[in-house]
There are 2 protein chains.
Amino acid sequence: MPSLDCTPPIAGITVIDLGRVLAAPFATSVLASLGARVIKVERPGAGDDARAFGPHHNGKSLYFTSVNCDKESIALDLKVAEDRAIFEQLLDRADVLVENFSPGVMDALGYDWDTIHARWPRVIYGALSGFGKTGPLSGAPAYDIVVQALGGMMSLTGFPKSPPVRVGASIGDLTAALYMALGIVSAIHKRTRTGEGCLIDIAMLDCQVAILEAAVTTFTATGEVPQRLGSRHPSIAPFQAFQCKDQWIVIGAGNDALFRTLCMALDRSDLLERAEFSTNPLRLASMDSLERELNTTLTAATAQEWISRLMTAGIPCAPIQSVAEMAAMPQVAARGMIVPVDDPMLAATCVPGNPIKMSSVTPRFSRGPAPALDEHRHAILAELAVQKNGRISPPHP
Amino acid sequence: MPSLDCTPPIAGITVIDLGRVLAAPFATSVLASLGARVIKVERPGAGDDARAFGPHHNGKSLYFTSVNCDKESIALDLKVAEDRAIFEQLLDRADVLVENFSPGVMDALGYDWDTIHARWPRVIYGALSGFGKTGPLSGAPAYDIVVQALGGMMSLTGFPKSPPVRVGASIGDLTAALYMALGIVSAIHKRTRTGEGCLIDIAMLDCQVAILEAAVTTFTATGEVPQRLGSRHPSIAPFQAFQCKDQWIVIGAGNDALFRTLCMALDRSDLLERAEFSTNPLRLASMDSLERELNTTLTAATAQEWISRLMTAGIPCAPIQSVAEMAAMPQVAARGMIVPVDDPMLAATCVPGNPIKMSSVTPRFSRGPAPALDEHRHAILAELAVQKNGRISPPHP
């Protein structure tokens, strides 16, 4: 008989989120999508720095909204005794604490890992920083662009002769956030057998190194330093952008069978007779000349004409879409990947949906609002008072 | 008393990996780092397509090695009865099945979700594809460059007047892999309360939409379509690359206090008196002129000179490093982020380490080799035979 439990996978988990700006807040946003209750603890007055990031809409930062939906907010000054007491009552009920202060800040507040672990042994402590808690750079300041630059990602992105290019989303933060969310859920799972929490020390730089694909392996084995390749792939050809009569498209014909199909669909079976294009390694080595050949053909018709023809033939290809064009795709709508925020101040504003689609979880087609600063103080304090008086049992007695 | 359980968080979990090339194999590589046993089921003869991707070293693909460390391999033809029986015996003992075939392939083999779930109710089934199992594009072929193009990422990366740029690592695949790993561990956790597995349907396109940061929110609220910005950030200034006398560096002075410190460190306190640079939104709007001012100063000395000076002042900054420079960083070594592969055929070859550092898990400073095709057939069949005879109890009796 099928289970009737359609709740999200980590429903019942409470996360205390000290995160600021992007990396830790995105990690807890992902945990909220998976069913966690997330209580954002912000500094009184200004709150999370991201509340000041433009553009604003009806006084609300759209940037802040994009990573703080479905959370509660309480403003606490962790240097003030009364607020510390509230914070500690929250920890009494929490499963997870997440922060992305510079290493040392939590220690100075008396909330270092050893103290937290001794007093709240079930709490999982996620510390996210630029360089992590160990090594000579531990404690140095870092932002997304710093780890994109140090980690090698910028050395692989863009054209060799152009000025440097940053990946257009903050993947230094976002990747670290995904690894943090994964570490936290893994630690929650381990806690079911040990009863104990642990410290998870995630460094943005480490996560950049982790996603370099074959670059580390290739460099250490051969000594060859991977270079910027524009839109090309280091191991597959053709797999890049091409210019049509009106605009650019991408084509990924990543194996010999697809390359054959591509040449037929372009009426360029002559290319199949050229030895230098006969295998993927040979095409990689001859890509300049193959690119010239393909461009000659592709610039003769529009992107739309080529895409219909190549799609019919089964060749992976696509127009290079703006965010507006992406947002208009029926596929994106069908998957619930752009969903409205249930916030009366942000009518018509949407945020990305949850890409983790599970057959056992009821899908959602909207997200709750990002909280105003301190919006949930009253409700949270009332809840703590009730629990203190024993009328509601705390989750971990 | 502290727990003595220093095993990885998902130790004891067995993953059957039908993955090919990058997205699913990277997801299971991450699961292996978290302690799962991963058995790669490959087609006889050629195996995973990535085995053919260059460069090769002593006959082994470095690309394949980069995402298949610590796995076992068995070659099975899922159209042949005898091999199907072995595959099904593996499923008897598995917790997770992962595949990235085009939607429909597993159905045609008789291994659709309903069949799997009816016969192996505890198995978590992770299906990863370009567009997912629903929507008008479900089933269409996709590769990394296709979802980078469709999802809007390429429209945000590079310079407005240059040809299109692909992010230099396959983040279309890698991001989907991280979401898949997160979905799987979440489902493993949920199974501890329900006893049941579920289907996890991850689409590469969905995951691109999920990491667009504020772009979706800003576009839907304001109608403004985000553009390519070279190395600049859409919401923070200055936060980009600048040219020094010898090479480029990045500087992230993301708030007013850091901007003030930056101007002082550059001996450009005159910039603090200019109204158009006085707040982050004003600096964003005047970034062309601020960039000219900063470049005038920065091109007067070398990258190394500026970096020492700015680091001393506490300004986040960095050289734009090649993969070779990154690999030589003491910080990367201290964090165990580039570790040797224990493979006698690949002496001196390294792969990225595990960025999820947990206090409760014994760290590893190497990874096991990527398997040769069918390398573990004999051991796996022996294990299945022993279990069949009842001498070892299967994990889920």
# chains A, B, ... in the order shown; residues from 1 in each chain; ligands from 1
call {"tool": "residues_around", "arguments": {"residues": "Ala149 of chain A", "least_positions_apart": "6", "cutoff": "8 Å", "atoms": "only C-alpha atoms", "output": "ChimeraX atom specification"}}
result
/A:155 /B:249-250,318-321
call {"tool": "write_last_selection", "arguments": {"atoms": "C-alpha atoms", "output": "CSV table (one decimal), in the first residue's frame"}}
result
chain,number,residue,atom,x,y,z
A,155,SER,CA,40.7,31.4,-16.2
B,249,ILE,CA,43.0,41.3,-10.5
B,250,VAL,CA,39.5,41.2,-9.0
B,318,ALA,CA,42.7,38.3,-5.8
B,319,PRO,CA,44.7,37.6,-8.9
B,320,ILE,CA,42.9,35.8,-11.6
B,321,GLN,CA,44.6,32.4,-11.4
call {"tool": "residues_around", "arguments": {"residues": "Asp342 of chain B", "least_positions_apart": "3", "cutoff": "9 Å", "atoms": "only C-alpha atoms", "output": "VMD selection string"}}
result
chain B and resid 345 to 347 349 366 to 369
call {"tool": "write_last_selection", "arguments": {"atoms": "N, CA and C atoms", "output": "PDB file, in the first residue's frame"}}
result
ATOM      1  N   MET B 345      48.154   3.168 -12.612  1.00  0.00           N
ATOM      2  CA  MET B 345      48.278   3.595 -14.007  1.00  0.00           C
ATOM      3  C   MET B 345      48.292   5.108 -14.125  1.00  0.00           C
ATOM      4  N   LEU B 346      47.949   5.811 -13.065  1.00  0.00           N
ATOM      5  CA  LEU B 346      47.834   7.268 -13.132  1.00  0.00           C
ATOM      6  C   LEU B 346      48.672   7.925 -12.042  1.00  0.00           C
ATOM      7  N   ALA B 347      49.961   7.553 -12.009  1.00  0.00           N
ATOM      8  CA  ALA B 347      50.859   8.141 -11.008  1.00  0.00           C
ATOM      9  C   ALA B 347      50.848   9.656 -11.160  1.00  0.00           C
ATOM     10  N   THR B 349      48.571  11.708 -10.848  1.00  0.00           N
ATOM     11  CA  THR B 349      47.298  12.314 -11.241  1.00  0.00           C
ATOM     12  C   THR B 349      46.456  12.580 -10.000  1.00  0.00           C
ATOM     13  N   SER B 366      43.012  10.870  -0.270  1.00  0.00           N
ATOM     14  CA  SER B 366      43.184  10.321  -1.617  1.00  0.00           C
ATOM     15  C   SER B 366      41.811   9.803  -2.037  1.00  0.00           C
ATOM     16  N   ARG B 367      41.686   9.447  -3.316  1.00  0.00           N
ATOM     17  CA  ARG B 367      40.462   8.790  -3.761  1.00  0.00           C
ATOM     18  C   ARG B 367      40.827   7.475  -4.439  1.00  0.00           C
ATOM     19  N   GLY B 368      39.907   6.521  -4.362  1.00  0.00           N
ATOM     20  CA  GLY B 368      40.134   5.252  -5.036  1.00  0.00           C
ATOM     21  C   GLY B 368      40.073   5.432  -6.540  1.00  0.00           C
ATOM     22  N   PRO B 369      40.656   4.506  -7.284  1.00  0.00           N
ATOM     23  CA  PRO B 369      40.688   4.656  -8.750  1.00  0.00           C
ATOM     24  C   PRO B 369      39.294   4.595  -9.373  1.00  0.00           C
TER      25      PRO B 369
END
call {"tool": "closest_residue", "arguments": {"among": "B:Ser33, B:Gln89, B:Ser322, B:Ser308", "to": "chain A", "atoms": "only C-alpha atoms"}}
result
B:Ser322
call {"tool": "residues_around", "arguments": {"residues": "segment 90-95 of chain A", "least_positions_apart": "3", "cutoff": "9 Å", "atoms": "only C-alpha atoms", "output": "list in words"}}
result
Ile13, Thr14, Val15, Ile16, Ile39, Ala85, Ile86, Phe87, Ile116, Arg119, Trp120, Arg122, Val123, Ile124, Tyr125, Ile188, Gly197, Ile380, Leu384, Pro394, Pro395 and His396 of chain A
call {"tool": "write_last_selection", "arguments": {"atoms": "C-alpha atoms", "output": "compact mmCIF listing (two decimals), in the first residue's frame"}}
result
# COMPACT_ATOMS: atom_id res chain seq x y z
CA ILE A 13 13.61 20.09 10.87
CA THR A 14 14.20 23.59 12.31
CA VAL A 15 17.06 25.69 10.96
CA ILE A 16 18.42 28.81 12.68
CA ILE A 39 14.19 31.13 11.27
CA ALA A 85 18.91 34.18 25.93
CA ILE A 86 16.32 34.17 23.15
CA PHE A 87 18.89 32.87 20.67
CA ILE A 116 27.60 24.77 20.81
CA ARG A 119 25.47 22.43 25.18
CA TRP A 120 23.38 21.37 22.17
CA ARG A 122 22.13 17.31 18.56
CA VAL A 123 22.64 20.60 16.72
CA ILE A 124 24.30 20.44 13.30
CA TYR A 125 26.44 23.53 12.80
CA ILE A 188 20.70 15.01 9.63
CA GLY A 197 25.24 16.75 15.44
CA ILE A 380 8.37 33.25 17.96
CA LEU A 384 9.07 29.98 23.18
CA PRO A 394 9.90 20.80 22.62
CA PRO A 395 10.92 18.67 19.65
CA HIS A 396 13.92 17.09 21.42
call {"tool": "select_by_dssp", "arguments": {"residues": "segment 207-279 of chain A", "states": "strand (DSSP E)", "output": "list in words"}}
result
Phe239, Gln240, Ala241, Phe242, Gln243, Trp248, Ile249, Val250, Ile251 and Gly252 of chain A
call {"tool": "residues_around", "arguments": {"residues": "Thr218 of chain B", "least_positions_apart": "2", "cutoff": "9 Å", "atoms": "only C-alpha atoms", "output": "tab-separated table (two decimals) with N, CA and C atoms, in the first residue's frame"}}
result
chain	number	residue	atom	x	y	z
A	55	PRO	N	17.58	46.07	-7.33
A	55	PRO	CA	16.51	47.06	-7.25
A	55	PRO	C	15.49	46.72	-6.16
A	56	HIS	N	14.81	47.78	-5.67
A	56	HIS	CA	13.73	47.60	-4.71
A	56	HIS	C	12.39	47.79	-5.42
A	62	LEU	N	14.46	43.11	-4.25
A	62	LEU	CA	14.17	41.92	-5.06
A	62	LEU	C	15.28	40.89	-4.90
A	63	TYR	N	16.49	41.37	-4.68
A	63	TYR	CA	17.62	40.47	-4.44
A	63	TYR	C	17.37	39.67	-3.16
A	66	SER	N	14.78	37.07	-3.54
A	66	SER	CA	15.11	35.89	-4.35
A	66	SER	C	15.72	34.76	-3.52
A	349	THR	N	5.52	39.38	-8.95
A	349	THR	CA	6.92	39.00	-8.81
A	349	THR	C	7.03	37.49	-8.63
A	350	CYS	N	7.97	36.91	-9.36
A	350	CYS	CA	8.17	35.47	-9.29
A	350	CYS	C	9.59	35.15	-8.85
A	351	VAL	N	9.77	33.96	-8.37
A	351	VAL	CA	11.09	33.45	-8.00
A	351	VAL	C	11.25	32.05	-8.60
B	214	ALA	N	19.21	36.68	-8.54
B	214	ALA	CA	18.09	37.62	-8.54
B	214	ALA	C	17.51	37.88	-9.92
B	215	ALA	N	18.04	37.24	-10.97
B	215	ALA	CA	17.63	37.60	-12.34
B	215	ALA	C	16.14	37.35	-12.59
B	216	VAL	N	15.62	36.22	-12.12
B	216	VAL	CA	14.20	35.90	-12.34
B	216	VAL	C	13.32	36.90	-11.58
B	220	THR	N	10.87	39.55	-13.46
B	220	THR	CA	9.40	39.46	-13.35
B	220	THR	C	8.82	40.68	-12.64
B	221	ALA	N	9.57	41.28	-11.72
B	221	ALA	CA	9.04	42.45	-11.01
B	221	ALA	C	9.14	43.73	-11.83
B	222	THR	N	10.22	43.88	-12.60
B	222	THR	CA	10.47	45.17	-13.26
B	222	THR	C	10.35	45.11	-14.77
B	223	GLY	N	10.38	43.92	-15.36
B	223	GLY	CA	10.40	43.81	-16.81
B	223	GLY	C	11.76	44.07	-17.43
B	224	GLU	N	12.73	44.46	-16.62
B	224	GLU	CA	14.07	44.70	-17.16
B	224	GLU	C	14.78	43.37	-17.39
B	225	VAL	N	15.33	43.22	-18.59
B	225	VAL	CA	16.00	41.96	-18.93
B	225	VAL	C	17.48	42.07	-18.57
B	226	PRO	N	17.96	41.22	-17.67
B	226	PRO	CA	19.38	41.29	-17.28
B	226	PRO	C	20.30	41.04	-18.48
call {"tool": "residues_around", "arguments": {"residues": "Arg283 of chain A", "least_positions_apart": "6", "cutoff": "8 Å", "atoms": "only C-alpha atoms", "output": "MDAnalysis selection string"}}
result
chainID A and resid 237:238 276:277 290
call {"tool": "select_by_dssp", "arguments": {"residues": "segment 43-287 of chain B", "states": "alpha helix (DSSP H)", "output": "CSV table (one decimal) with C-alpha atoms, in the first residue's frame"}}
result
chain,number,residue,atom,x,y,z
B,62,LEU,CA,41.4,11.6,-17.5
B,63,TYR,CA,37.8,12.9,-18.0
B,64,PHE,CA,36.3,9.6,-17.0
B,65,THR,CA,38.6,9.4,-14.0
B,66,SER,CA,37.6,12.9,-12.8
B,67,VAL,CA,34.0,11.8,-12.1
B,68,ASN,CA,34.2,8.0,-11.4
B,81,ALA,CA,17.8,-11.9,-19.9
B,82,GLU,CA,20.8,-13.2,-18.0
B,83,ASP,CA,22.2,-9.7,-17.5
B,84,ARG,CA,18.7,-8.4,-16.5
B,85,ALA,CA,18.6,-11.1,-13.8
B,86,ILE,CA,21.9,-9.8,-12.4
B,87,PHE,CA,20.7,-6.2,-12.6
B,88,GLU,CA,17.6,-7.2,-10.6
B,89,GLN,CA,19.7,-9.0,-8.0
B,90,LEU,CA,21.6,-5.8,-7.6
B,91,LEU,CA,18.3,-3.9,-7.2
B,92,ASP,CA,17.3,-6.4,-4.5
B,93,ARG,CA,20.3,-5.0,-2.5
B,105,VAL,CA,14.7,4.6,-22.4
B,106,MET,CA,14.2,3.0,-19.0
B,107,ASP,CA,10.5,2.6,-19.7
B,108,ALA,CA,11.4,0.7,-22.9
B,113,TRP,CA,9.3,4.0,-12.1
B,114,ASP,CA,6.0,2.1,-11.5
B,115,THR,CA,7.6,-1.2,-12.1
B,116,ILE,CA,10.6,-0.4,-10.0
B,117,HIS,CA,8.5,0.9,-7.2
B,118,ALA,CA,6.1,-2.0,-7.2
B,119,ARG,CA,8.9,-4.6,-7.0
B,144,ASP,CA,25.3,21.1,-21.0
B,145,ILE,CA,25.6,23.8,-23.7
B,146,VAL,CA,21.9,23.5,-24.6
B,147,VAL,CA,20.7,24.2,-21.1
B,148,GLN,CA,23.3,26.9,-20.5
B,149,ALA,CA,21.9,28.6,-23.7
B,150,LEU,CA,18.2,28.0,-23.0
B,153,MET,CA,23.1,31.6,-18.1
B,154,MET,CA,24.9,32.4,-21.4
B,155,SER,CA,22.8,35.6,-21.8
B,156,LEU,CA,24.4,36.8,-18.5
B,171,ILE,CA,27.6,23.8,-14.8
B,172,GLY,CA,24.5,22.6,-16.6
B,173,ASP,CA,25.5,19.1,-15.7
B,174,LEU,CA,27.2,19.8,-12.4
B,175,THR,CA,24.4,21.9,-10.9
B,176,ALA,CA,21.9,19.2,-11.8
B,177,ALA,CA,24.2,16.6,-10.3
B,178,LEU,CA,24.4,18.5,-7.0
B,179,TYR,CA,20.6,18.9,-6.8
B,180,MET,CA,20.2,15.2,-7.6
B,181,ALA,CA,22.6,14.2,-4.8
B,182,LEU,CA,20.7,16.5,-2.4
B,183,GLY,CA,17.4,15.0,-3.5
B,184,ILE,CA,18.7,11.5,-3.0
B,185,VAL,CA,20.1,12.1,0.5
B,186,SER,CA,16.8,13.9,1.4
B,187,ALA,CA,14.8,10.9,0.1
B,188,ILE,CA,17.1,8.5,2.1
B,189,HIS,CA,16.2,10.5,5.2
B,190,LYS,CA,12.5,10.5,4.4
B,191,ARG,CA,12.7,6.8,3.9
B,192,THR,CA,13.7,6.3,7.6
B,193,ARG,CA,10.2,7.5,8.5
B,194,THR,CA,8.1,6.0,5.7
B,204,MET,CA,19.1,20.2,-16.1
B,205,LEU,CA,17.1,23.2,-17.4
B,206,ASP,CA,15.2,23.5,-14.1
B,207,CYS,CA,18.5,23.6,-12.2
B,208,GLN,CA,19.8,26.4,-14.5
B,209,VAL,CA,16.7,28.5,-13.7
B,210,ALA,CA,17.2,27.7,-10.0
B,215,ALA,CA,17.6,37.6,-12.3
B,216,VAL,CA,14.2,35.9,-12.3
B,217,THR,CA,12.9,38.0,-9.5
B,218,THR,CA,14.2,41.3,-11.0
B,219,PHE,CA,12.9,40.5,-14.5
B,220,THR,CA,9.4,39.5,-13.3
B,221,ALA,CA,9.0,42.5,-11.0
B,222,THR,CA,10.5,45.2,-13.3
B,256,ASP,CA,30.2,51.6,1.6
B,257,ALA,CA,32.6,50.8,4.4
B,258,LEU,CA,34.8,48.6,2.1
B,259,PHE,CA,34.6,51.2,-0.7
B,260,ARG,CA,35.9,53.8,1.7
B,261,THR,CA,38.8,51.5,2.8
B,262,LEU,CA,39.5,50.8,-0.8
B,263,CYS,CA,39.8,54.5,-1.7
B,264,MET,CA,42.1,55.1,1.2
B,265,ALA,CA,44.3,52.1,0.4
B,280,ASN,CA,26.3,51.3,-3.8
B,281,PRO,CA,23.3,52.2,-6.1
B,282,LEU,CA,25.0,55.4,-7.3
B,283,ARG,CA,28.3,53.5,-7.9
B,284,LEU,CA,26.4,50.9,-9.9
B,285,ALA,CA,24.9,53.6,-12.1
B,287,MET,CA,30.5,52.3,-12.8
call {"tool": "closest_residue", "arguments": {"among": "B:Met358, B:Ala334, B:Cys317, B:Val386", "to": "Gly252 of chain B", "atoms": "only C-alpha atoms"}}
result
B:Cys317
call {"tool": "closest_residue", "arguments": {"among": "A:Ser73, A:Ser61, A:Ser360, A:Thr279", "to": "chain B", "atoms": "only C-alpha atoms"}}
result
A:Ser360
call {"tool": "closest_residue", "arguments": {"among": "B:Gly35, B:Pro344, B:Gly254, B:Gly152", "to": "chain A", "atoms": "only C-alpha atoms"}}
result
B:Gly152
call {"tool": "atom_distance", "arguments": {"atom1": "atom CA of Pro103 of chain A", "atom2": "atom CA of Lys79 of chain A"}}
result
17.0 Å
